[in-house]
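What follows is a short report on a single structure.
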Number of protein chains: 2
Amino acid sequence: MSAEGAQPGTVRPGGRTARVRATVLRAVGDILAERGFAHLDLSDVARRADVGKTTVYRRWGSVTALVADLLMDMAEQSSPRARTGSLLGDLKANARLVQRTLTDPRQGPLFKAVIAAATCDARTAEALHHFYDIRIREWAPCVRQAVDRGELPEGTDAHEVIRAVSAPLYYRLLASGDPLDEAAADRAAEAAAAAAKAGAYVKDRKDEKIERDA
Amino acid sequence: MSAEGAQPGTVRPGGRTARVRATVLRAVGDILAERGFAHLDLSDVARRADVGKTTVYRRWGSVTALVADLLMDMAEQSSPRARTGSLLGDLKANARLVQRTLTDPRQGPLFKAVIAAATCDARTAEALHHFYDIRIREWAPCVRQAVDRGELPEGTDAHEVIRAVSAPLYYRLLASGDPLDEAAADRAAEAAAAAAKAGAYVKDRKDEKIERDA
DNA sequence: AGTTAAACGGAACTGTAGTGCCGTTAGCTG
DNA sequence: CAGCTAACGGCACTACAGTTCCGTTTAACT
């Protein structure tokens, strides 16, 4: 007898199963990139991937689950960090990378769609957070090295600095709509570096100036 | 004869028409806040608003158009800025306001959903950008006053500083998933203030250090 | 108050997304 | 390489979102 609790695709992950997954995720990415999250439905995915409709419904079952799986896939391909020798150089390289990704004709719309999907479902959101966690971990050493070199104060939260570089770019992409050019990327990097040098990202500041209310 | 190009609701905007719009937008907000963008469909809206299904389809016609109209409505209610007397005080007040809004049980999910909708449609995105443009204009004077007081360098881009306060909070909400607490808000304000003081948001820097490549 | 047509709303219709059934293909194990 | 069954895929079915049609209500203007 088989353990009936197992999800389809987990017992025999290779061969055809893997091929179907790759084709389907490719189709999902294509649809998200060119039509956006709102126009994604499972029937359409099955048609585009040239795969049985039943298969898509059985293995994923919902739009958000599809996107979550796509994010798992995206999380595996990592892009290595820069090593320019200075904090500002590294942060600018990171900012430029993010900026180029978000303005790319395929990646930009894709990221928009993936984030939209994550707002609708907890599991998808979790997959997205995992994705960014990996990317941030990849780049955090830049900041730690800057601390070692004495460029930044001791106790600086490396992850927080890396996030500070991306944040303004994502804010432009999703909220304000301001242009996402190289100047914006450089500015994001410079601002993060300046704030970090001023100690804005030093963590666990128990020695903070005494609260002065009441 | 009537100009047939006119959109429904524009010729007789008062009375029942206005009442229907208010009820429908209320229902849209409710659904977005409690179920998210993916589960919003026009039939459901009509049912919840206790309004003829035909009306919703005729006047709005799509989910994104509904959200765009909701954003028009949201843009009208503005929240006045703080006047604490110092840049950091004002920025912290702004950061706290954004943080409280995004963690509010109704407003938080609503903002997520609205941003998700904006990623799927150009007109909705435009409405969202307009919404943030208004909010940012409202708070920009804080920064200009700080320049006048000599707290910030001449030529500092006021809008950019205000955006820099919100950006990390939205990044947490939508991308990284890190906690959106008061500490995060204070950090965002402090980082923006520090970067601004360092001159990271001075615009039109034609006197920038000479490019040194090739 | 009366007139006009803008806007609403009920009811019937249609296309298609989502589901269930079952036979076929092919991945893993020994 | 043979057997077992996980996983796929075609087909028929269902439910409901989205559309059309037309009669009713009522906002705007005189």
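Letters A, B, ... mark the chains of the structure tokens in the order given; residue numbers begin at 1 per chain; ligand numbers begin at 1, in order shown.
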
Need to verify the contact set: DT20 (chain D), 12 Å, only C-alpha atoms (C1' of nucleotides), exclusion of same-chain residues closer than 5 positions in sequence. Can you return it as a PDB file with N, CA, C and O atoms (P, O5', C5', C4', C3', O3' and C1' of nucleotides), in the first residue's frame?
ATOM      1  N   THR B  54     -25.324  43.691 -13.537  1.00  0.00           N
ATOM      2  CA  THR B  54     -25.175  44.430 -14.792  1.00  0.00           C
ATOM      3  C   THR B  54     -24.512  45.785 -14.568  1.00  0.00           C
ATOM      4  O   THR B  54     -23.667  46.222 -15.350  1.00  0.00           O
ATOM      5  N   TYR B  57     -20.733  45.555 -14.125  1.00  0.00           N
ATOM      6  CA  TYR B  57     -20.051  45.249 -15.388  1.00  0.00           C
ATOM      7  C   TYR B  57     -20.086  46.445 -16.331  1.00  0.00           C
ATOM      8  O   TYR B  57     -19.131  46.726 -17.035  1.00  0.00           O
ATOM      9  N   ARG B  58     -21.210  47.164 -16.361  1.00  0.00           N
ATOM     10  CA  ARG B  58     -21.315  48.291 -17.278  1.00  0.00           C
ATOM     11  C   ARG B  58     -20.410  49.436 -16.847  1.00  0.00           C
ATOM     12  O   ARG B  58     -19.697  50.016 -17.664  1.00  0.00           O
TER      13      ARG B  58
ATOM     14  P    DA C  11     -36.059  38.070 -11.547  1.00  0.00           P
ATOM     15  O5'  DA C  11     -35.829  37.560 -13.030  1.00  0.00           O
ATOM     16  C5'  DA C  11     -36.422  38.253 -14.132  1.00  0.00           C
ATOM     17  C4'  DA C  11     -36.004  37.576 -15.422  1.00  0.00           C
ATOM     18  C3'  DA C  11     -35.616  36.106 -15.254  1.00  0.00           C
ATOM     19  O3'  DA C  11     -36.005  35.373 -16.401  1.00  0.00           O
ATOM     20  C1'  DA C  11     -33.777  37.286 -16.086  1.00  0.00           C
ATOM     21  P    DA C  12     -35.922  33.763 -16.428  1.00  0.00           P
ATOM     22  O5'  DA C  12     -35.511  33.450 -17.928  1.00  0.00           O
ATOM     23  C5'  DA C  12     -35.690  34.449 -18.944  1.00  0.00           C
ATOM     24  C4'  DA C  12     -34.526  34.393 -19.914  1.00  0.00           C
ATOM     25  C3'  DA C  12     -33.979  32.984 -20.157  1.00  0.00           C
ATOM     26  O3'  DA C  12     -33.730  32.810 -21.545  1.00  0.00           O
ATOM     27  C1'  DA C  12     -32.223  34.404 -19.507  1.00  0.00           C
ATOM     28  P    DC C  13     -33.192  31.404 -22.111  1.00  0.00           P
ATOM     29  O5'  DC C  13     -31.680  31.731 -22.508  1.00  0.00           O
ATOM     30  C5'  DC C  13     -31.416  32.819 -23.399  1.00  0.00           C
ATOM     31  C4'  DC C  13     -29.935  33.034 -23.530  1.00  0.00           C
ATOM     32  C3'  DC C  13     -29.124  31.776 -23.865  1.00  0.00           C
ATOM     33  O3'  DC C  13     -28.390  32.010 -25.058  1.00  0.00           O
ATOM     34  C1'  DC C  13     -28.123  32.982 -22.081  1.00  0.00           C
ATOM     35  P    DT C  14     -27.615  30.755 -25.760  1.00  0.00           P
ATOM     36  O5'  DT C  14     -26.104  31.018 -25.359  1.00  0.00           O
ATOM     37  C5'  DT C  14     -25.540  32.317 -25.542  1.00  0.00           C
ATOM     38  C4'  DT C  14     -24.102  32.312 -25.047  1.00  0.00           C
ATOM     39  C3'  DT C  14     -23.309  31.035 -25.386  1.00  0.00           C
ATOM     40  O3'  DT C  14     -22.005  31.394 -25.768  1.00  0.00           O
ATOM     41  C1'  DT C  14     -23.232  31.429 -23.078  1.00  0.00           C
TER      42       DT C  14
END

**OP:** Report as a PyMOL selection string the set of chain D residues whose atoms approach chain B to within 10 Å, with distances computed over only C-alpha atoms (C1' of nucleotides).
**Re:** chain D and resi 16-20+25-28

**OP:** Tell me which of D:DT30, D:DT24, D:DT14, D:DG9 sits closest to Val51 (chain A), counting only C-alpha atoms (C1' of nucleotides).
**Re:**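 Looking at the shortest contact to Val51 (chain A), the residue is D:DG9.
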
**OP:** Name the closest residue to chain B among the candidates A:Ala38, A:Met74, A:Val28, A:Ala122; distances are taken between atoms, counting only C-alpha atoms.
**Re:**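 Of A:Ala38, A:Met74, A:Val28, A:Ala122, the one nearest chain B, counting only C-alpha atoms, is A:Ala38.
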
**OP:** Pick out the chain C residues within 8 Å of chain B. Count only C-alpha atoms (C1' of nucleotides). Give them as a list in words.
**Re:**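 Close to chain B, chain C has DA6, DA7, DC8 and DG9 of chain C.
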
Original post:
Quick one: DSSP alpha helix (DSSP H) residues in region 45-153 of chain B, as a PyMOL selection string?
Top reply: chain B and resi 45-49+53-59+63-76+87-103+107-118+122-149

Using only C-alpha atoms, which residues of chain A come within 7 Å of chain B, and what is the closest atom pair for each, with the distance in Å to one decimal? Give it as a Markdown table, sorted by chain and residue number.
| residue | atom | partner | partner_atom | distance |
| --- | --- | --- | --- | --- |
| A:Gly36 | CA | B:Cys120 | CA | 5.2 |
| A:Phe37 | CA | B:Cys120 | CA | 6.3 |
| A:Ala38 | CA | B:Cys120 | CA | 6.1 |
| A:Lys112 | CA | B:Thr119 | CA | 5.9 |
| A:Ala113 | CA | B:Thr119 | CA | 6.6 |
| A:Ile115 | CA | B:Leu174 | CA | 6.6 |
| A:Ala116 | CA | B:Ala116 | CA | 4.2 |
| A:Thr119 | CA | B:Lys112 | CA | 5.9 |
| A:Cys120 | CA | B:Gly36 | CA | 5.2 |
| A:Leu128 | CA | B:Ala175 | CA | 6.8 |
| A:His129 | CA | B:Ser176 | CA | 4.9 |
| A:Tyr132 | CA | B:Ser176 | CA | 5.9 |
| A:Ala164 | CA | B:Pro168 | CA | 6.4 |
| A:Ala167 | CA | B:Pro168 | CA | 5.1 |
| A:Pro168 | CA | B:Ala167 | CA | 5.1 |
| A:Tyr170 | CA | B:Tyr171 | CA | 6.7 |
| A:Tyr171 | CA | B:Ala167 | CA | 5.3 |
| A:Leu174 | CA | B:Ile115 | CA | 6.6 |
| A:Ala175 | CA | B:His129 | CA | 6.3 |
| A:Ser176 | CA | B:His129 | CA | 4.9 |
| A:Gly177 | CA | B:His129 | CA | 5.7 |
| A:Arg187 | CA | B:Ala200 | CA | 6.6 |
| A:Glu190 | CA | B:Ala200 | CA | 6.1 |
| A:Ala191 | CA | B:Ala195 | CA | 4.9 |
| A:Ala194 | CA | B:Ala195 | CA | 5.1 |
| A:Ala195 | CA | B:Ala191 | CA | 4.9 |
| A:Ala198 | CA | B:Ala194 | CA | 6.3 |
| A:Ala200 | CA | B:Ala191 | CA | 5.2 |

Subject >> Atom pair CA of Arg47 (chain B) / C1' of DA15 (chain D): separation (Å) >> reply: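 Straight-line distance from CA of Arg47 (chain B) to C1' of DA15 (chain D) works out to 16.9 Å.
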
**OP:** Write out as JSON, numbers by chain which residues come within 12 Å of Asp204 (chain A) when counting only C-alpha atoms (C1' of nucleotides), dropping same-chain ones fewer than 6 positions away.
**Re:** {"A": [154, 155, 156, 157], "B": [183, 187]}

Original post:
DC29 (chain D): which residues within 12 Å, counting only C-alpha atoms (C1' of nucleotides), same-chain residues fewer than 6 positions away excluded, as a ChimeraX atom specification?
Top reply: /B:12 /C:2-5

Subject >> Shell of 12 Å around DC13 (chain D), only C-alpha atoms (C1' of nucleotides), local chain residues under 3 positions omitted, as a count of residues only >> reply: 4

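Separating C1' of DA6 (chain D) from C1' of DC22 (chain C) is a distance of 15.0 Å.
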